[in-house]
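Before any comments, here is the structure.
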Amino acid sequence: MDLDSIPFPDLEGLDFEEYLKNQSNAVGFQAFDYPRPYTILCSRGCPYQCTFCYHSIGFRYRLRSLDNIFKGIEEAIEKYNINALDILDDLFSIDKKRLYEFCRRIKDIEKKYNKKLIWSCQLSVNNVDEKMLITLKNSGCSVVSFGFESYSQKVLNSMKKPITPNQIENAIKLAFKVGLGLQGSFIFGDVAETKETAKETLDFWKKNCKGQIKLGFIQPYPGSVIFEHCIKKGIIKDKLDFIKNNMNHTNWLNMTDKMTDKEILQLKKDILNARRDYYPYVIPSKIKRTLNNRYELIVKCPFCKEKIDYKNCLIENRIRFNIWIPCRKCNMRFFIVNRLAKFESDFYQQLEFFRKNYLHLRDRILKKRL
């Protein structure tokens with residue numbers, strides 16, 4: 001219960017300095033050329049009961065004191081010269097007064113050490129407001145992460161997710177307005193999912209999210225309610241085999257009560273097509289190899305049109321690559337790809353366009369014949 005009594009992690013045995021030296025650009029959604037990221041937990045536990053979540057550190061919410069947190073941050077700066085913080089708290093914004101004090105103190109840290117600290121955190125849409133996001137950005141936060149999950153209230157209720165579609169829309173609009181990077185996911189396939197609820201979420205994503213939010217399927221992690229649902233329905237027949245061979249893969253399982261396997265397959269296609277059609281892709285105007293598999297890239301942001309020089313980019317395959325990276329000016333994220341990857345995306349986009357038009361024309365002809 002007393003988190004301050006727990007020693008700070010001893011990272012020497014993990015060769016942490018070597019780990020930092022080998023970081024490449026865009027790690028953890030930050031746009032440092034040479035990031036030295038440090039991951040911290042300021043609290044543990046989450047009292048919410050979301051059905052897709054496994055509470056690895058318990059339901060009871062406990063806090064580290066700010067004094068203890070900043071002692072650990074200062075130690076990491078002095079020992080490892082870190083320049084980026086990744087805060088993994090599930091409920092970082094549950095106490096607004098504490099959040100504002102954290103922002104004030106992190107600015108003091110920057111002054112004390114005369115260095116810039118870029119950081120990210122996870123928030124909830126149910127208490128976010130413009131003042132909070134402006135305060136976060138002014139204190140060095142560049143990315144905020146939200147758990148959106150679904151835009152259907154019916155599905156959110158089934159997930160036991162205590163938020164509303166209006167709160168989701170508000171959080172997205174505010175993040176874009178303030179200029180913070182936006183991270184989050186819509187996950188399809190809940191027990192209550194239907195063709196109609198899935199379309200509701202996917203249509204909202206296409207219209208409002210500018211390719212910033214991930215799309216995927218719920219993954220049934222052991223210990224979660226949805227995992228037990230899959231066991232009872234025989235969707236997962238062998239627990240051990242699933243954990244050993246399938247848990248680390250993207251599973252497109254039909255865990256719903258009302259959708260057919262054929263409808264799930266079509267939903268999978270719709271999600272993959274949406275990813276391809278709505279994610280922003282940019283070809284670099286310059287690509288220069290600097291060391292082994294590290295490159296310097298110059299690209300124009302597709303959102304703010306700023307031309308940016310990114311150094312220390314990891315490219316293991318020059319023939320075909322894509323790098324998910326944030327703009328240093330507007331914090332919007334996009335894929336940097338080579339011409340082959342862009343060609344493939346455009347080709348499949350055109351193929352899907354012709355397929356849809358063919359099906360539409362075929363249906364019209366059939367109706368006329370009838």
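Going by the structure tokens order, chains are called A, B, ..., each with residues numbered from 1, while ligands are numbered from 1 in the order shown.
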List every residue of stretch 211-280 of chain A that has an atom at most 12 Å from any atom of stretch 299-311 of chain A, giving for each one its closest atom pair and the distance in Å to one decimal, counting only C-alpha atoms, sorted by chain and then by ascending residue number, as CSV.
residue,atom,partner,partner_atom,distance
A:Gly211,CA,A:Phe303,CA,11.1
A:Gln212,CA,A:Phe303,CA,11.6
A:Tyr279,CA,A:Pro302,CA,10.8
A:Pro280,CA,A:Pro302,CA,7.2
May I have the residues within 7 Å of A:Asn322 as a count of residues only, using only C-alpha atoms and disregarding those fewer than 5 positions away in the same chain? 3
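Of the listed residues (A:Tyr38, A:Phe176, A:Tyr54, A:Phe102), A:Phe176 comes nearest to A:Cys330; the distances count only C-alpha atoms.
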Residues of stretch 54-251 of chain A in alpha helix (DSSP H), written as number ranges by chain: A: 66-80, 96-113, 130-138, 153-159, 165-178, 195-208, 225-232, 239-245
Residue nearest A:Ser224 among A:Asn317, A:Thr51, A:Asn312, A:Ser5 (counting only C-alpha atoms): A:Thr51
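Minimum atom-to-atom distances from A:Ile213, A:Ile87, A:Cys313, A:Ile264 to A:Pro35 were compared using only C-alpha atoms, and the lowest value belongs to A:Cys313.
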